[in-house]
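Visitor: Pasting entry.tsv below, which is TSV, C-alpha atoms and all ligand atoms.
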```tsv
chain	number	residue	atom	x	y	z
A	48	MET	CA	36.73	6.29	-42.26
A	49	SER	CA	36.02	3.18	-40.29
A	50	GLU	CA	32.39	3.14	-39.32
A	51	SER	CA	31.85	-0.11	-37.53
A	52	ASN	CA	30.33	-1.69	-34.46
A	53	PHE	CA	33.81	-2.79	-33.54
A	54	ASP	CA	35.21	0.55	-32.54
A	55	ALA	CA	38.02	1.55	-30.18
A	56	ALA	CA	35.78	1.12	-27.12
A	57	TYR	CA	34.84	-2.41	-28.22
A	58	TRP	CA	38.50	-3.44	-28.50
A	59	ALA	CA	39.52	-1.71	-25.27
A	60	ALA	CA	36.76	-3.64	-23.48
A	61	ARG	CA	37.94	-6.94	-24.99
A	62	TYR	CA	41.43	-6.33	-23.60
A	63	ALA	CA	40.11	-5.07	-20.25
A	64	THR	CA	38.03	-8.22	-19.78
A	65	GLY	CA	40.67	-10.64	-21.02
A	66	GLN	CA	38.64	-11.68	-24.08
A	67	ASP	CA	41.65	-11.93	-26.36
A	68	PRO	CA	41.80	-15.49	-27.71
A	69	TRP	CA	43.68	-14.26	-30.80
A	70	ASP	CA	46.74	-13.48	-28.70
A	71	ALA	CA	49.27	-16.23	-29.45
A	72	GLY	CA	51.56	-15.06	-26.63
A	73	ARG	CA	54.57	-15.09	-28.95
A	74	ILE	CA	55.45	-14.48	-32.56
A	75	THR	CA	53.70	-17.01	-34.78
A	76	GLU	CA	55.81	-19.35	-36.87
A	77	PRO	CA	54.69	-18.14	-40.34
A	78	LEU	CA	55.73	-14.57	-39.55
A	79	ARG	CA	58.90	-15.60	-37.74
A	80	ALA	CA	59.96	-17.67	-40.75
A	81	TYR	CA	59.12	-14.85	-43.14
A	82	PHE	CA	61.08	-12.27	-41.14
A	83	ALA	CA	64.03	-14.64	-40.74
A	84	GLN	CA	64.50	-14.84	-44.52
A	85	LEU	CA	64.41	-11.05	-45.01
A	86	GLY	CA	68.15	-10.90	-44.48
A	87	PRO	CA	70.05	-8.52	-42.24
A	88	PRO	CA	68.15	-5.54	-40.81
A	89	ASP	CA	68.02	-2.45	-42.97
A	90	GLN	CA	66.14	0.84	-43.08
A	91	ARG	CA	62.88	-0.62	-44.43
A	92	ARG	CA	59.84	0.90	-42.76
A	93	ILE	CA	57.59	-1.83	-41.42
A	94	LEU	CA	54.07	-1.21	-40.14
A	95	ILE	CA	52.05	-3.71	-38.14
A	96	PRO	CA	48.45	-2.44	-38.07
A	97	GLY	CA	45.93	-3.79	-35.56
A	98	ALA	CA	49.06	-5.11	-33.90
A	99	GLY	CA	47.66	-6.08	-30.53
A	100	ARG	CA	50.51	-7.02	-28.19
A	101	ALA	CA	52.79	-7.06	-31.23
A	102	TYR	CA	55.13	-9.97	-30.63
A	103	GLU	CA	56.20	-9.49	-34.27
A	104	ALA	CA	57.42	-5.98	-33.44
A	105	GLU	CA	59.32	-7.34	-30.45
A	106	TYR	CA	60.98	-9.96	-32.67
A	107	LEU	CA	61.94	-7.44	-35.35
A	108	HIS	CA	63.17	-4.89	-32.83
A	109	GLN	CA	65.33	-7.46	-31.09
A	110	ALA	CA	66.67	-8.60	-34.46
A	111	GLY	CA	67.84	-5.03	-35.05
A	112	TRP	CA	65.24	-3.62	-37.43
A	113	PRO	CA	65.12	0.11	-36.57
A	114	ASN	CA	61.97	1.27	-38.37
A	115	VAL	CA	59.20	-0.91	-37.02
A	116	PHE	CA	55.87	0.78	-36.25
A	117	VAL	CA	52.82	-0.67	-34.55
A	118	ALA	CA	49.32	0.75	-34.69
A	119	ASP	CA	46.33	-0.19	-32.61
A	120	PHE	CA	43.15	1.42	-31.41
A	121	ALA	CA	43.67	0.06	-27.92
A	122	ALA	CA	46.15	1.36	-25.36
A	123	GLU	CA	46.54	-1.82	-23.31
A	124	PRO	CA	48.37	-3.95	-25.90
A	125	LEU	CA	50.71	-1.10	-26.80
A	126	GLN	CA	51.54	-0.62	-23.12
A	127	ALA	CA	52.15	-4.35	-22.87
A	128	LEU	CA	54.69	-4.12	-25.70
A	129	GLN	CA	56.35	-1.14	-24.03
A	130	GLN	CA	56.65	-3.07	-20.76
A	131	ARG	CA	58.10	-6.17	-22.41
A	132	VAL	CA	60.46	-4.17	-24.62
A	133	PRO	CA	61.36	-0.88	-22.91
A	134	GLY	CA	63.80	-0.06	-25.72
A	135	PHE	CA	61.11	-0.08	-28.40
A	136	PRO	CA	60.84	3.53	-29.64
A	137	ALA	CA	57.83	5.19	-28.02
A	138	ALA	CA	57.33	7.27	-31.17
A	139	HIS	CA	56.73	4.05	-33.11
A	140	LEU	CA	53.76	3.08	-30.93
A	141	LEU	CA	50.77	4.56	-32.72
A	142	GLN	CA	47.55	4.47	-30.77
A	143	ALA	CA	45.37	5.34	-33.71
A	144	ASP	CA	42.70	4.24	-36.13
A	145	PHE	CA	44.38	2.39	-38.98
A	146	PHE	CA	42.15	4.18	-41.46
A	147	GLN	CA	43.51	7.55	-40.30
A	148	LEU	CA	47.19	6.63	-40.56
A	149	THR	CA	49.48	8.47	-42.92
A	150	GLY	CA	53.00	7.79	-44.12
A	151	SER	CA	54.83	5.53	-46.49
A	152	PHE	CA	55.98	2.03	-45.64
A	153	ASP	CA	57.91	-0.76	-47.35
A	154	LEU	CA	56.12	-3.60	-45.59
A	155	LEU	CA	52.75	-4.02	-43.90
A	156	VAL	CA	52.26	-7.09	-41.73
A	157	GLU	CA	48.82	-8.69	-41.50
A	158	GLN	CA	47.70	-11.10	-38.82
A	159	THR	CA	44.16	-11.26	-37.46
A	160	PHE	CA	43.58	-7.58	-38.13
A	161	PHE	CA	41.73	-7.92	-41.44
A	162	CYS	CA	39.45	-10.59	-39.91
A	163	ALA	CA	38.75	-8.31	-36.93
A	164	LEU	CA	37.28	-5.56	-39.07
A	165	ASP	CA	33.65	-5.27	-39.97
A	166	PRO	CA	33.53	-6.95	-43.40
A	167	SER	CA	31.99	-3.80	-44.88
A	168	LEU	CA	35.41	-2.17	-44.36
A	169	ARG	CA	37.34	-4.69	-46.43
A	170	PRO	CA	37.47	-2.63	-49.63
A	171	VAL	CA	38.64	0.36	-47.59
A	172	TYR	CA	41.29	-1.81	-45.90
A	173	ALA	CA	42.65	-2.96	-49.27
A	174	ARG	CA	42.82	0.59	-50.58
A	175	LYS	CA	44.32	1.93	-47.35
A	176	CYS	CA	47.05	-0.72	-47.39
A	177	ALA	CA	47.90	0.31	-50.95
A	178	GLU	CA	47.98	3.99	-49.94
A	179	LEU	CA	50.33	3.32	-47.04
A	180	LEU	CA	52.76	1.28	-49.14
A	181	ARG	CA	55.27	2.69	-51.56
A	182	PRO	CA	55.00	1.28	-55.08
A	183	GLY	CA	56.62	-2.16	-54.91
A	184	GLY	CA	56.03	-2.37	-51.15
A	185	LYS	CA	54.44	-5.51	-49.75
A	186	LEU	CA	51.48	-6.57	-47.68
A	187	VAL	CA	52.51	-9.86	-46.08
A	188	GLY	CA	50.88	-12.14	-43.58
A	189	LEU	CA	47.95	-14.38	-42.93
A	190	LEU	CA	44.27	-14.44	-43.83
A	191	PHE	CA	41.69	-17.00	-42.80
A	192	ASP	CA	41.04	-19.49	-45.59
A	193	GLY	CA	37.28	-19.93	-45.37
A	194	PRO	CA	34.56	-19.19	-42.86
A	195	VAL	CA	35.34	-18.68	-39.18
A	196	GLY	CA	33.20	-18.73	-36.07
A	197	PRO	CA	29.48	-18.07	-35.67
A	198	GLY	CA	29.56	-14.89	-37.74
A	199	ASP	CA	27.97	-12.33	-35.39
A	200	GLY	CA	31.30	-10.80	-34.35
A	201	PRO	CA	34.97	-10.99	-35.18
A	202	PRO	CA	36.82	-12.93	-36.40
A	203	PHE	CA	35.25	-12.93	-39.83
A	204	GLY	CA	36.53	-15.39	-42.40
A	205	GLY	CA	36.59	-15.07	-46.15
A	206	THR	CA	37.22	-16.85	-49.39
A	207	ARG	CA	40.14	-16.83	-51.80
A	208	ALA	CA	37.84	-15.49	-54.51
A	209	GLU	CA	36.80	-12.58	-52.29
A	210	TYR	CA	40.40	-11.77	-51.37
A	211	ARG	CA	41.46	-11.84	-55.03
A	212	GLN	CA	38.70	-9.41	-55.93
A	213	LEU	CA	39.55	-7.08	-53.03
A	214	PHE	CA	43.30	-6.90	-53.53
A	215	GLU	CA	43.74	-7.35	-57.28
A	216	PRO	CA	43.09	-3.68	-58.14
A	217	TYR	CA	46.13	-2.64	-56.10
A	218	PHE	CA	48.45	-5.63	-55.74
A	219	GLU	CA	50.34	-8.32	-57.64
A	220	PHE	CA	49.92	-11.69	-55.93
A	221	LEU	CA	53.42	-13.01	-55.22
A	222	HIS	CA	52.27	-15.67	-52.79
A	223	PHE	CA	48.74	-16.74	-51.97
A	224	GLU	CA	48.80	-20.30	-50.66
A	225	PRO	CA	47.67	-22.28	-47.63
A	226	ALA	CA	50.16	-21.71	-44.83
A	227	TYR	CA	52.17	-24.86	-44.00
A	228	ASN	CA	53.41	-23.67	-40.62
A	229	SER	CA	50.38	-22.12	-38.89
A	230	ILE	CA	50.10	-22.25	-35.12
A	231	LYS	CA	48.10	-25.27	-33.98
A	232	PRO	CA	44.65	-23.67	-33.53
A	233	ARG	CA	44.88	-22.21	-37.04
A	234	GLN	CA	46.34	-25.22	-38.85
A	235	GLY	CA	44.70	-25.77	-42.22
A	236	ARG	CA	42.74	-22.54	-41.84
A	237	GLU	CA	45.17	-19.87	-43.03
A	238	LEU	CA	46.52	-18.51	-46.28
A	239	PHE	CA	49.97	-17.00	-46.32
A	240	ILE	CA	49.94	-13.95	-48.56
A	241	SER	CA	52.61	-11.76	-50.05
A	242	LEU	CA	51.08	-9.03	-52.16
A	243	GLN	CA	53.14	-6.42	-53.94
A	244	ARG	CA	51.75	-2.94	-54.46
A	245	LYS	CA	51.37	-2.03	-58.10
A	246	ALA	CA	53.18	1.01	-59.45
A	247	GLU	CA	49.92	2.82	-60.15
A	248	VAL	CA	46.89	2.46	-57.90
B	301	LIG	C1	41.93	-9.72	-33.24
B	301	LIG	S1	43.03	-8.52	-32.65
B	301	LIG	C2	44.58	-9.02	-33.39
B	301	LIG	C3	45.79	-8.44	-32.72
B	301	LIG	C4	47.15	-8.89	-33.32
B	301	LIG	N1	47.22	-8.66	-34.73
B	301	LIG	C5	47.46	-10.32	-32.99
B	301	LIG	O1	47.66	-11.11	-33.93
B	301	LIG	O2	47.53	-10.66	-31.80
B	301	LIG	C6	42.58	-7.10	-33.61
B	301	LIG	C7	43.29	-5.85	-33.17
B	301	LIG	O3	42.98	-4.79	-34.08
B	301	LIG	C8	42.75	-3.61	-33.35
B	301	LIG	N2	41.89	-2.76	-34.19
B	301	LIG	C9	40.65	-3.04	-34.62
B	301	LIG	N3	40.21	-2.06	-35.44
B	301	LIG	C10	41.22	-1.15	-35.53
B	301	LIG	C11	41.39	0.06	-36.24
B	301	LIG	N4	40.43	0.56	-37.05
B	301	LIG	N5	42.54	0.73	-36.11
B	301	LIG	C12	43.53	0.25	-35.30
B	301	LIG	N6	43.43	-0.90	-34.61
B	301	LIG	C13	42.29	-1.60	-34.72
B	301	LIG	C14	42.14	-4.07	-32.05
B	301	LIG	O4	42.30	-3.14	-31.01
B	301	LIG	C15	42.91	-5.38	-31.81
B	301	LIG	O5	44.07	-5.16	-31.05
```
Output the structure of this file as structure tokens.
Guide:
Amino acid sequence: MSESNFDAAYWAARYATGQDPWDAGRITEPLRAYFAQLGPPDQRRILIPGAGRAYEAEYLHQAGWPNVFVADFAAEPLQALQQRVPGFPAAHLLQADFFQLTGSFDLLVEQTFFCALDPSLRPVYARKCAELLRPGGKLVGLLFDGPVGPGDGPPFGGTRAEYRQLFEPYFEFLHFEPAYNSIKPRQGRELFISLQRKAEV
């Protein structure tokens, strides 16, 4: 379930009207650096939910990772990925509601998806991430470190205490620190997280 004012039509309209200030236009440095230290490509299944134009998927695909999946409500950003990277497997482009996804993944990548959701969905997001990950799998990426914007629409910020409470039932906190290599507009405003799914959730 994902009852929210920010539904598929809302996001499609944002893309259609060019209101997409979150789009960095390229892979961001924290995720590039994280992927670069993963080692040579292997069979790990990687899901990028709320992926937007998915520059991370482009990077991973071009680096040779075969099992990269992107999910987004909106068609436009997925088409944009397909146009930039014609070799990206069409079957790995999931135009779907994150909360309806099924499957088992080794790694989930978070970047400005959590903050785009209605905050009432945060507990469901945490549980859904745990459901989609195998035991020992990881949720890795970036969360805003504190309040963001005027508050009447996305992005929505949050606090470290809130994040700990949301994710602790399902995850061990491997890394949960201010990011040192954020893109300029987000410098000093992001946490880099690496959360490992517990064996039992
Ligand atoms: C703020 S954008 C971030 C996009 C991307 N992560 C980036 O960093 O450029 C949020 C994205 O989440 C998508 N989205 C929002 N709710 C969703 C849901 N329930 N299921 C799938 N995608 C969703 C929107 O369509 C949008 O592309």
Visitor: Would you kindly return, as a PyMOL selection string, each protein, DNA or RNA residue with an atom no farther than 10 Å from any atom of segment 124-133 of chain A, considering all atoms listed in the file and excluding same-chain residues fewer than 2 positions away?
Guide: chain A and resi 59+62+97-102+104-106+108-109+117-122+135-137+140-142
Visitor: Which residues form the shell of 9 Å around ligand LIG 301 (chain B) when you count all atoms listed in the file, given as a ChimeraX atom specification?
Guide: /A:48-51,53-59,61-62,67-75,95-103,118-125,141-148,156-165,201-202
Visitor: What is the distance, in Å and to one decimal place, between atom CA of Arg91 of chain A and atom CA of Phe152 of chain A?
Guide: 7.5 Å
Visitor: Given the choices A:Pro166, A:Glu219, A:Ala80, A:Gln212, which gets closest to Gly200 of chain A if the distance is worked out from only C-alpha atoms?
Guide: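 Residue with the minimum atom-to-atom distance to Gly200 of chain A: A:Pro166.
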Visitor: So, counting only C-alpha atoms, which residue among A:Arg174, A:Leu155, A:Arg233, A:Thr149 is closest to Val195 of chain A?
Guide: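 Nearest candidate to Val195 of chain A out of A:Arg174, A:Leu155, A:Arg233, A:Thr149: A:Arg233.
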Visitor: Between A:Arg236, A:Arg92, A:Lys231, A:Lys175, which one has atoms that come closest to Val248 of chain A, using all atoms listed in the file?
Guide: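 With all atoms listed in the file as the atom set, the closest residue is A:Lys175.
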Visitor: Nearest to Ile240 of chain A among A:Gly196, A:Pro87, A:Pro225, A:Gly111, with distances taken over only C-alpha atoms: which residue is it?
Guide: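 Distance minimum relative to Ile240 of chain A lands on A:Pro225.
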Visitor: Using only C-alpha atoms, pick whichever of A:Gly204, A:Gly188, A:Gly65, A:Gly150 has the shortest atom-to-atom distance to His222 of chain A.
Guide: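 Once distances to His222 of chain A are computed over only C-alpha atoms, the minimum belongs to A:Gly188.
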Visitor: Using all atoms listed in the file, find all polymer residues with an atom at most 12 Å away from the point (59.6, -20.1, -40.5); report them as a PyMOL selection string.
Guide: chain A and resi 74-85+226-230+239
Visitor: To one decimal in Å, tell me the separation between atom CA of Glu178 of chain A and atom CA of Leu242 of chain A.
Guide: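 Answer for the atom CA of Glu178 of chain A to atom CA of Leu242 of chain A separation: 13.6 Å.
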Visitor: So, with all atoms listed in the file as the atoms that count, which of A:Ser167, A:Ser241, A:Gln90, A:Asn52 lies closest to Leu190 of chain A?
Guide: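 Of A:Ser167, A:Ser241, A:Gln90, A:Asn52, the one nearest Leu190 of chain A is A:Ser241, counting all atoms listed in the file.
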Visitor: What is the distance between atom CA of Leu154 of chain A and atom CA of Pro170 of chain A, in Å to one decimal?
Guide: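 For atom CA of Leu154 of chain A relative to atom CA of Pro170 of chain A, the distance reads 19.1 Å.
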Visitor: Could N, CA and C atoms be built for segment 216-239 of chain A and written out as an mmCIF file, in the coordinates of the input?
Guide:
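Final output, saved to rebuild.cif:
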```cif
data_model
loop_
_atom_site.group_PDB
_atom_site.id
_atom_site.type_symbol
_atom_site.label_atom_id
_atom_site.label_comp_id
_atom_site.auth_asym_id
_atom_site.auth_seq_id
_atom_site.Cartn_x
_atom_site.Cartn_y
_atom_site.Cartn_z
ATOM 1 N N PRO A 216 42.934 -5.018 -57.547
ATOM 2 C CA PRO A 216 43.090 -3.680 -58.140
ATOM 3 C C PRO A 216 44.398 -2.990 -57.757
ATOM 4 N N TYR A 217 44.976 -3.381 -56.618
ATOM 5 C CA TYR A 217 46.130 -2.640 -56.100
ATOM 6 C C TYR A 217 47.420 -3.454 -56.039
ATOM 7 N N PHE A 218 47.295 -4.775 -56.073
ATOM 8 C CA PHE A 218 48.450 -5.630 -55.740
ATOM 9 C C PHE A 218 48.674 -6.734 -56.766
ATOM 10 N N GLU A 219 49.974 -7.079 -56.961
ATOM 11 C CA GLU A 219 50.340 -8.320 -57.640
ATOM 12 C C GLU A 219 50.405 -9.408 -56.566
ATOM 13 N N PHE A 220 49.909 -10.588 -56.887
ATOM 14 C CA PHE A 220 49.920 -11.690 -55.930
ATOM 15 C C PHE A 220 51.225 -12.483 -56.082
ATOM 16 N N LEU A 221 52.158 -12.272 -55.169
ATOM 17 C CA LEU A 221 53.420 -13.010 -55.220
ATOM 18 C C LEU A 221 53.270 -14.383 -54.574
ATOM 19 N N HIS A 222 52.497 -14.415 -53.505
ATOM 20 C CA HIS A 222 52.270 -15.670 -52.790
ATOM 21 C C HIS A 222 50.864 -15.626 -52.214
ATOM 22 N N PHE A 223 50.150 -16.720 -52.395
ATOM 23 C CA PHE A 223 48.740 -16.740 -51.970
ATOM 24 C C PHE A 223 48.357 -18.210 -51.837
ATOM 25 N N GLU A 224 48.893 -18.832 -50.802
ATOM 26 C CA GLU A 224 48.800 -20.300 -50.660
ATOM 27 C C GLU A 224 48.444 -20.646 -49.224
ATOM 28 N N PRO A 225 47.865 -21.840 -49.014
ATOM 29 C CA PRO A 225 47.670 -22.280 -47.630
ATOM 30 C C PRO A 225 48.996 -22.252 -46.874
ATOM 31 N N ALA A 226 48.946 -21.743 -45.651
ATOM 32 C CA ALA A 226 50.160 -21.710 -44.830
ATOM 33 C C ALA A 226 50.489 -23.136 -44.391
ATOM 34 N N TYR A 227 51.767 -23.501 -44.396
ATOM 35 C CA TYR A 227 52.170 -24.860 -44.000
ATOM 36 C C TYR A 227 52.635 -24.885 -42.544
ATOM 37 N N ASN A 228 52.796 -23.707 -41.953
ATOM 38 C CA ASN A 228 53.410 -23.670 -40.620
ATOM 39 C C ASN A 228 52.575 -22.839 -39.628
ATOM 40 N N SER A 229 51.261 -22.859 -39.808
ATOM 41 C CA SER A 229 50.380 -22.120 -38.890
ATOM 42 C C SER A 229 50.513 -22.633 -37.460
ATOM 43 N N ILE A 230 50.175 -21.770 -36.499
ATOM 44 C CA ILE A 230 50.100 -22.250 -35.120
ATOM 45 C C ILE A 230 48.938 -23.252 -35.028
ATOM 46 N N LYS A 231 49.008 -24.118 -34.032
ATOM 47 C CA LYS A 231 48.100 -25.270 -33.980
ATOM 48 C C LYS A 231 46.614 -24.913 -34.146
ATOM 49 N N PRO A 232 46.101 -23.921 -33.396
ATOM 50 C CA PRO A 232 44.650 -23.670 -33.530
ATOM 51 C C PRO A 232 44.244 -23.175 -34.915
ATOM 52 N N ARG A 233 45.218 -22.743 -35.703
ATOM 53 C CA ARG A 233 44.880 -22.210 -37.040
ATOM 54 C C ARG A 233 45.348 -23.118 -38.159
ATOM 55 N N GLN A 234 45.815 -24.327 -37.804
ATOM 56 C CA GLN A 234 46.340 -25.220 -38.850
ATOM 57 C C GLN A 234 45.265 -25.564 -39.862
ATOM 58 N N GLY A 235 45.631 -25.461 -41.144
ATOM 59 C CA GLY A 235 44.700 -25.770 -42.220
ATOM 60 C C GLY A 235 43.657 -24.703 -42.456
ATOM 61 N N ARG A 236 43.782 -23.575 -41.755
ATOM 62 C CA ARG A 236 42.740 -22.540 -41.840
ATOM 63 C C ARG A 236 43.284 -21.194 -42.284
ATOM 64 N N GLU A 237 44.577 -21.161 -42.692
ATOM 65 C CA GLU A 237 45.170 -19.870 -43.030
ATOM 66 C C GLU A 237 45.802 -19.897 -44.418
ATOM 67 N N LEU A 238 45.737 -18.747 -45.073
ATOM 68 C CA LEU A 238 46.520 -18.510 -46.280
ATOM 69 C C LEU A 238 47.688 -17.630 -45.898
ATOM 70 N N PHE A 239 48.857 -17.937 -46.447
ATOM 71 C CA PHE A 239 49.970 -17.000 -46.320
ATOM 72 C C PHE A 239 49.984 -16.156 -47.582
#
```
